[in-house]
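The data block below is coords_24.csv; it holds CSV, C-alpha atoms.
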```
chain,number,residue,atom,x,y,z
A,1,MET,CA,44.2,-84.7,138.7
A,2,ASP,CA,46.7,-84.7,135.8
A,3,ILE,CA,50.2,-86.2,135.9
A,4,LEU,CA,53.1,-84.4,134.5
A,5,LEU,CA,56.3,-86.4,133.9
A,6,ALA,CA,59.7,-84.7,134.1
A,7,ASN,CA,62.2,-85.2,131.3
A,8,PRO,CA,64.8,-86.5,131.6
A,9,ARG,CA,64.3,-88.7,134.7
A,10,GLY,CA,65.6,-92.0,136.1
A,11,PHE,CA,68.6,-94.0,135.1
A,12,CYS,CA,71.7,-92.1,133.8
A,13,ALA,CA,74.4,-93.7,131.6
A,14,GLY,CA,76.7,-94.5,134.5
A,15,VAL,CA,74.0,-96.4,136.4
A,16,LYS,CA,72.9,-98.3,133.3
A,17,ARG,CA,76.6,-99.3,132.7
A,18,ALA,CA,77.1,-100.5,136.3
A,19,ILE,CA,74.0,-102.6,136.4
A,20,LEU,CA,74.7,-104.2,133.0
A,21,MET,CA,78.3,-105.0,134.1
A,22,VAL,CA,77.0,-106.9,137.1
A,23,GLU,CA,74.2,-108.7,135.3
A,24,ASN,CA,76.6,-109.8,132.5
A,25,ALA,CA,79.3,-110.8,135.1
A,26,LEU,CA,76.7,-113.2,136.7
A,27,LYS,CA,76.1,-114.9,133.3
A,28,ILE,CA,79.8,-115.0,132.2
A,29,TYR,CA,81.5,-116.1,135.4
A,30,LYS,CA,78.6,-118.2,136.8
A,31,LYS,CA,79.9,-117.7,140.4
A,32,THR,CA,79.4,-115.4,143.3
A,33,ILE,CA,79.8,-111.7,142.5
A,34,TYR,CA,80.8,-109.4,145.3
A,35,VAL,CA,80.1,-105.7,145.1
A,36,LYS,CA,81.9,-103.1,147.2
A,37,HIS,CA,79.2,-100.9,148.7
A,38,GLU,CA,75.8,-100.7,147.0
A,39,LEU,CA,76.3,-100.7,143.2
A,40,VAL,CA,73.9,-97.7,142.9
A,41,HIS,CA,71.8,-96.1,145.6
A,42,ASN,CA,68.4,-97.6,144.9
A,43,GLN,CA,66.9,-100.2,147.2
A,44,TYR,CA,64.8,-101.8,144.4
A,45,VAL,CA,67.9,-102.3,142.3
A,46,ILE,CA,70.0,-103.7,145.2
A,47,THR,CA,67.2,-106.1,146.3
A,48,THR,CA,66.8,-107.4,142.7
A,49,LEU,CA,70.6,-108.0,142.3
A,50,ARG,CA,70.7,-109.6,145.8
A,51,GLN,CA,68.0,-112.0,144.7
A,52,LYS,CA,70.2,-113.0,141.8
A,53,GLY,CA,73.0,-114.0,144.2
A,54,VAL,CA,75.0,-110.8,144.3
A,55,ILE,CA,76.7,-110.1,147.7
A,56,PHE,CA,77.2,-106.5,148.9
A,57,VAL,CA,80.0,-105.8,151.3
A,58,GLU,CA,81.5,-102.6,152.8
A,59,LYS,CA,84.9,-104.1,153.6
A,60,ILE,CA,87.3,-105.8,151.1
A,61,SER,CA,88.4,-108.0,154.0
A,62,ASP,CA,84.9,-109.6,153.9
A,63,ILE,CA,85.6,-111.0,150.4
A,64,PRO,CA,87.3,-114.4,150.1
A,65,ASN,CA,90.7,-114.4,148.3
A,66,ASN,CA,90.6,-114.9,144.5
A,67,SER,CA,86.9,-113.9,144.3
A,68,ILE,CA,85.3,-111.4,141.9
A,69,VAL,CA,84.6,-107.9,143.1
A,70,VAL,CA,82.8,-105.1,141.4
A,71,PHE,CA,83.6,-101.5,142.4
A,72,SER,CA,80.3,-99.5,142.6
A,73,ALA,CA,79.4,-96.7,140.3
A,74,HIS,CA,80.6,-94.3,143.1
A,75,GLY,CA,84.2,-95.4,142.8
A,76,VAL,CA,86.7,-96.3,145.4
A,77,SER,CA,89.9,-95.0,146.9
A,78,LYS,CA,93.4,-96.1,145.9
A,79,LYS,CA,93.8,-97.9,149.2
A,80,THR,CA,90.7,-100.0,148.5
A,81,GLN,CA,92.1,-100.9,145.1
A,82,GLU,CA,95.4,-101.9,146.7
A,83,LYS,CA,93.6,-104.1,149.3
A,84,ALA,CA,91.6,-105.8,146.5
A,85,LEU,CA,94.9,-106.6,144.6
A,86,LYS,CA,96.5,-108.0,147.7
A,87,LYS,CA,93.7,-110.5,148.1
A,88,GLN,CA,94.1,-111.3,144.4
A,89,LEU,CA,90.6,-110.4,143.6
A,90,ILE,CA,89.3,-110.2,140.0
A,91,ILE,CA,88.3,-106.5,139.8
A,92,LEU,CA,85.4,-105.3,137.7
A,93,ASN,CA,85.4,-101.5,137.9
A,94,ALA,CA,81.9,-100.1,137.4
A,95,THR,CA,82.9,-96.6,138.5
A,96,CYS,CA,81.0,-94.1,136.5
A,97,PRO,CA,83.4,-92.6,133.8
A,98,LEU,CA,82.4,-89.1,134.9
A,99,VAL,CA,83.5,-89.9,138.5
A,100,SER,CA,86.7,-91.5,137.1
A,101,LYS,CA,87.3,-88.1,135.4
A,102,VAL,CA,87.3,-86.4,138.8
A,103,HIS,CA,89.5,-89.1,140.2
A,104,LYS,CA,92.1,-88.3,137.5
A,105,GLU,CA,91.9,-84.6,138.2
A,106,VAL,CA,92.4,-85.1,142.0
A,107,SER,CA,95.2,-87.6,141.4
A,108,LYS,CA,97.0,-85.1,139.1
A,109,ALA,CA,96.7,-82.4,141.7
A,110,SER,CA,98.2,-84.7,144.2
A,111,GLU,CA,101.1,-85.6,141.9
A,112,LYS,CA,101.8,-81.9,141.2
A,113,ASN,CA,101.8,-81.0,144.9
A,114,ILE,CA,98.8,-78.7,144.5
A,115,GLU,CA,96.7,-78.1,147.6
A,116,THR,CA,93.1,-79.1,146.8
A,117,ILE,CA,89.6,-78.3,148.0
A,118,PHE,CA,86.9,-80.8,147.4
A,119,ILE,CA,83.2,-79.8,147.5
A,120,GLY,CA,81.0,-82.7,148.5
A,121,HIS,CA,79.0,-84.5,151.2
A,122,LYS,CA,81.1,-86.0,154.0
A,123,GLY,CA,80.7,-89.8,154.2
A,124,HIS,CA,79.2,-90.3,150.7
A,125,PRO,CA,81.1,-93.1,149.0
A,126,GLU,CA,81.9,-91.0,145.9
A,127,VAL,CA,83.5,-88.4,148.1
A,128,THR,CA,85.4,-91.0,150.1
A,129,GLY,CA,86.7,-92.6,146.9
A,130,THR,CA,87.6,-89.3,145.3
A,131,ILE,CA,89.5,-87.9,148.3
A,132,GLY,CA,91.2,-91.3,148.4
A,133,GLN,CA,92.9,-90.4,145.1
A,134,TYR,CA,95.0,-87.8,146.8
A,135,ASN,CA,98.2,-89.1,148.4
A,136,ASN,CA,100.7,-86.4,149.1
A,137,LYS,CA,102.7,-86.1,152.4
A,138,ASN,CA,103.7,-82.5,151.5
A,139,SER,CA,100.2,-81.2,150.6
A,140,LYS,CA,96.6,-81.7,151.6
A,141,ILE,CA,93.0,-82.1,150.2
A,142,HIS,CA,90.3,-80.4,152.2
A,143,LEU,CA,86.6,-81.4,152.2
A,144,ILE,CA,84.0,-78.6,152.4
A,145,GLU,CA,80.2,-78.9,152.3
A,146,SER,CA,79.2,-75.2,152.6
A,147,ILE,CA,80.2,-71.6,152.4
A,148,GLU,CA,80.7,-71.6,156.2
A,149,ASP,CA,83.3,-74.3,155.9
A,150,ILE,CA,85.5,-72.1,153.6
A,151,ASN,CA,86.2,-69.7,156.5
A,152,LYS,CA,87.6,-72.6,158.5
A,153,LEU,CA,90.1,-73.7,155.9
A,154,PRO,CA,93.8,-73.4,157.0
A,155,ILE,CA,94.9,-72.1,153.7
A,156,LYS,CA,96.6,-68.8,152.9
A,157,GLN,CA,94.6,-66.4,150.7
A,158,ASP,CA,97.6,-65.8,148.4
A,159,ASN,CA,98.2,-69.6,147.8
A,160,LYS,CA,99.0,-69.9,144.1
A,161,LYS,CA,99.0,-73.7,144.0
A,162,LEU,CA,95.4,-74.3,144.9
A,163,ASN,CA,92.7,-76.3,143.1
A,164,PHE,CA,89.0,-77.2,143.7
A,165,PHE,CA,86.9,-80.0,142.4
A,166,THR,CA,83.3,-81.2,143.2
A,167,GLN,CA,81.2,-84.3,143.7
A,168,THR,CA,79.2,-85.1,140.6
A,169,THR,CA,75.8,-85.1,142.2
A,170,LEU,CA,75.6,-81.8,144.0
A,171,SER,CA,73.0,-79.1,143.9
A,172,ILE,CA,73.9,-76.8,141.0
A,173,ARG,CA,72.7,-73.6,142.7
A,174,ASN,CA,74.4,-74.3,146.1
A,175,THR,CA,77.7,-75.4,144.4
A,176,GLN,CA,77.8,-72.3,142.2
A,177,SER,CA,77.4,-70.1,145.4
A,178,ILE,CA,80.2,-72.0,147.1
A,179,ILE,CA,82.5,-71.7,144.1
A,180,ARG,CA,81.9,-68.0,143.8
A,181,PHE,CA,82.8,-67.5,147.5
A,182,LEU,CA,85.9,-69.7,147.0
A,183,LYS,CA,87.1,-67.6,144.1
A,184,LYS,CA,86.5,-64.4,146.0
A,185,LYS,CA,88.5,-65.6,149.0
A,186,PHE,CA,91.3,-67.4,147.0
A,187,PRO,CA,91.9,-65.3,143.9
A,188,TYR,CA,94.5,-67.7,142.5
A,189,ILE,CA,92.4,-70.9,142.9
A,190,SER,CA,91.8,-73.0,139.8
A,191,GLY,CA,89.0,-75.4,138.9
A,192,PRO,CA,88.1,-78.1,136.4
A,193,LYS,CA,88.1,-77.1,132.7
A,194,LYS,CA,84.6,-78.7,132.5
A,195,GLU,CA,82.1,-78.7,135.4
A,196,ASP,CA,82.5,-81.8,137.6
A,197,ILE,CA,78.7,-81.9,138.3
A,198,CYS,CA,77.5,-84.5,135.8
A,199,TYR,CA,75.2,-84.0,132.8
A,200,ALA,CA,72.5,-86.2,134.4
A,201,THR,CA,72.4,-84.3,137.7
A,202,THR,CA,72.2,-81.0,135.7
A,203,ASN,CA,69.5,-82.1,133.4
A,204,ARG,CA,67.3,-83.6,136.2
A,205,GLN,CA,67.6,-80.5,138.3
A,206,ASN,CA,66.7,-78.3,135.3
A,207,ALA,CA,63.7,-80.6,134.6
A,208,ILE,CA,62.4,-80.3,138.2
A,209,ILE,CA,62.6,-76.5,138.0
A,210,LYS,CA,60.5,-76.6,134.8
A,211,LEU,CA,58.1,-79.0,136.5
A,212,SER,CA,57.7,-76.7,139.5
A,213,LYS,CA,56.3,-73.9,137.4
A,214,ILE,CA,53.3,-76.0,136.2
A,215,THR,CA,52.5,-78.3,139.1
A,216,ASP,CA,50.9,-78.1,142.5
A,217,MET,CA,52.9,-81.0,143.9
A,218,ILE,CA,56.0,-83.0,143.0
A,219,LEU,CA,56.9,-86.6,143.8
A,220,VAL,CA,60.6,-87.5,143.6
A,221,ILE,CA,61.2,-91.2,143.3
A,222,GLY,CA,64.6,-92.2,144.8
A,223,SER,CA,66.2,-93.9,147.8
A,224,LYS,CA,67.0,-91.9,150.9
A,225,ASN,CA,70.8,-92.5,150.5
A,226,SER,CA,70.7,-91.3,146.9
A,227,SER,CA,72.5,-88.0,146.7
A,228,ASN,CA,71.1,-86.9,143.4
A,229,SER,CA,67.5,-87.8,144.5
A,230,ASN,CA,67.9,-85.9,147.7
A,231,ARG,CA,69.1,-82.8,145.7
A,232,LEU,CA,66.0,-83.1,143.5
A,233,ALA,CA,63.7,-83.2,146.5
A,234,GLU,CA,65.5,-80.2,148.1
A,235,LEU,CA,65.3,-78.2,144.9
A,236,GLY,CA,61.6,-79.0,144.5
A,237,LYS,CA,61.0,-77.6,148.1
A,238,GLU,CA,63.2,-74.6,147.3
A,239,THR,CA,60.9,-73.6,144.4
A,240,GLY,CA,58.0,-73.5,146.9
A,241,VAL,CA,56.1,-76.5,145.5
A,242,PHE,CA,55.0,-79.1,147.9
A,243,THR,CA,57.5,-81.9,147.3
A,244,LYS,CA,57.9,-85.4,148.7
A,245,GLN,CA,60.6,-88.0,148.1
A,246,ILE,CA,59.5,-91.6,148.0
A,247,GLU,CA,61.0,-95.0,147.5
A,248,SER,CA,57.9,-96.4,145.7
A,249,PHE,CA,54.2,-95.9,145.3
A,250,LEU,CA,53.8,-97.6,148.8
A,251,ASP,CA,55.0,-94.4,150.4
A,252,ILE,CA,52.3,-92.2,148.9
A,253,GLN,CA,49.8,-90.8,151.4
A,254,LYS,CA,46.4,-90.0,150.0
A,255,LYS,CA,46.2,-86.8,152.1
A,256,TRP,CA,49.1,-85.4,150.1
A,257,ILE,CA,47.1,-85.3,146.9
A,258,LYS,CA,43.9,-84.0,148.2
A,259,ASN,CA,42.8,-81.0,146.1
A,260,ILE,CA,45.9,-81.4,143.9
A,261,LYS,CA,45.2,-80.6,140.2
A,262,TYR,CA,48.6,-81.1,138.7
A,263,ILE,CA,51.1,-83.6,140.2
A,264,GLY,CA,54.6,-83.7,138.9
A,265,ILE,CA,56.7,-86.9,138.9
A,266,THR,CA,60.5,-87.3,138.5
A,267,ALA,CA,63.1,-89.9,139.5
A,268,GLY,CA,66.7,-89.8,140.6
A,269,ALA,CA,69.5,-91.1,138.3
A,270,SER,CA,69.5,-94.5,140.1
A,271,ALA,CA,65.8,-95.1,140.1
A,272,PRO,CA,64.4,-97.5,137.4
A,273,GLU,CA,61.5,-96.4,135.2
A,274,PHE,CA,59.6,-99.5,136.5
A,275,LEU,CA,59.1,-97.5,139.8
A,276,VAL,CA,57.7,-94.5,137.9
A,277,LYS,CA,55.2,-96.7,136.1
A,278,GLN,CA,54.0,-98.2,139.4
A,279,VAL,CA,53.5,-94.7,140.8
A,280,ILE,CA,51.5,-93.7,137.7
A,281,GLU,CA,49.3,-96.8,138.0
A,282,TYR,CA,48.6,-96.1,141.6
A,283,LEU,CA,47.7,-92.5,141.0
A,284,GLN,CA,45.4,-93.6,138.2
A,285,LYS,CA,43.6,-95.9,140.5
A,286,ILE,CA,42.9,-93.1,142.9
A,287,GLY,CA,41.7,-90.6,140.3
A,288,ALA,CA,44.5,-89.4,138.1
A,289,GLU,CA,43.3,-88.9,134.5
A,290,ASN,CA,45.6,-87.3,131.9
A,291,ILE,CA,49.4,-88.1,131.7
A,292,LYS,CA,51.7,-85.7,129.9
A,293,GLU,CA,55.5,-85.9,129.3
A,294,VAL,CA,57.1,-82.5,129.8
A,295,SER,CA,59.8,-81.8,127.3
A,296,GLY,CA,63.4,-81.5,128.4
A,297,ASN,CA,67.0,-82.0,127.4
A,298,GLN,CA,67.3,-85.2,125.3
A,299,GLU,CA,70.1,-87.5,126.6
A,300,LYS,CA,72.0,-89.4,124.1
A,301,ILE,CA,75.1,-90.2,126.2
A,302,SER,CA,75.9,-93.9,126.8
A,303,PHE,CA,79.0,-95.6,128.3
A,304,ASN,CA,80.3,-98.8,127.0
A,305,ILE,CA,81.1,-101.8,129.3
A,306,PRO,CA,84.4,-103.6,129.0
A,307,LYS,CA,84.7,-105.9,126.1
A,308,TYR,CA,85.3,-108.9,128.3
A,309,LEU,CA,81.8,-108.4,129.9
A,310,THR,CA,80.0,-108.1,126.5
A,311,LEU,CA,77.7,-111.0,125.8
A,312,PRO,CA,77.7,-112.6,122.3
```
Would you mind giving the structure from this file in structure tokens?
Amino acid sequence: MDILLANPRGFCAGVKRAILMVENALKIYKKTIYVKHELVHNQYVITTLRQKGVIFVEKISDIPNNSIVVFSAHGVSKKTQEKALKKQLIILNATCPLVSKVHKEVSKASEKNIETIFIGHKGHPEVTGTIGQYNNKNSKIHLIESIEDINKLPIKQDNKKLNFFTQTTLSIRNTQSIIRFLKKKFPYISGPKKEDICYATTNRQNAIIKLSKITDMILVIGSKNSSNSNRLAELGKETGVFTKQIESFLDIQKKWIKNIKYIGITAGASAPEFLVKQVIEYLQKIGAENIKEVSGNQEKISFNIPKYLTLP
């Protein structure tokens, strides 16, 4: 059995930035750091930070006044920001800059009284935070998840003040289909100048398509609540290749790899490379021989952390 590693895989720039911000904050402030929601959707990362003293909360009301709060990489709504300010919290905003870009787009649409359609997964924190940027009593923002949802929208087809935006971690294929249908039904609809689906999501989905053409099986390393990891697993299955999503090597079942000659490995944007190495080591113990990196788009993007969180 040979191992083929997808490229790129694992941590994206936004995730790296968020984790570094929290780790530096622990060293600089030397006091309890609270994080609104999970910083990133990976259980290994969350457990590691919790062991360092970080406390994760879902409600701002659970944080003592004058404490330090970090907004997760997924971003938060305007109401959440207002609640944090009322409690006089020191806010460290770890929202991914690419999510912040979508926030600004939605906020501008709200200010200009433009009715808005947002494509995303209901209940996901990024979606909740983004929809929470829209605050207009005279207009609305509508959430859709599928083409079927479009037909349920209470919007006139000839609406000339209509925008759409998307979650950053969606399936490229599915989203393109939804957008095509939107433009067909609403001929005057406008979208973002640049795609809202982020570079990391796009690159990792392209990499798994490439992997699917040369493997008999694919392992996607990523937590169950990780949107981008879920999309990778779905895409692997759509290609027809036997695909399994795992948290770590502990989830691998030997019966999966029986008679498998080429096994592909990738990792979601919030999964550390450490977990990939553990999976490789486990597979080597049970018979894997050669390891090959599959070429892909080289990622050179990085996001700076605030200067006040930079260590000397």
* Between A:Ser171, A:Thr215, A:Asn65, A:Asn93, which one has atoms that come closest to A:Leu39, using all atoms listed in the file? -> A:Asn93
* Asked: Nearest to A:Pro64: which of A:Lys30, A:Lys307, A:Arg17, A:Lys86 is it, counting all atoms listed in the file?
  -> A:Lys86
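By chain and then residue number, the residues within 9 Å of A:Lys122 are Thr128, Leu143, Ile144 and Glu145 of chain A, counting all atoms listed in the file and disregarding those fewer than 6 positions away in sequence.
Separating atom CA of A:Glu273 from atom CA of A:Pro306 is a distance of 24.8 Å.
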* Measuring atom to atom with all atoms listed in the file, identify which of A:Lys16, A:Thr80, A:Asp2, A:Ile189 is nearest to A:Lys36. =>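 Once distances to A:Lys36 are computed over all atoms listed in the file, the minimum belongs to A:Thr80.
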* Have a look at A:Ile60, A:Ala271, A:Ile91, A:Val279 and name the one nearest to A:Tyr44; count only C-alpha atoms. =>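 Selected residue with least distance to A:Tyr44: A:Ala271.
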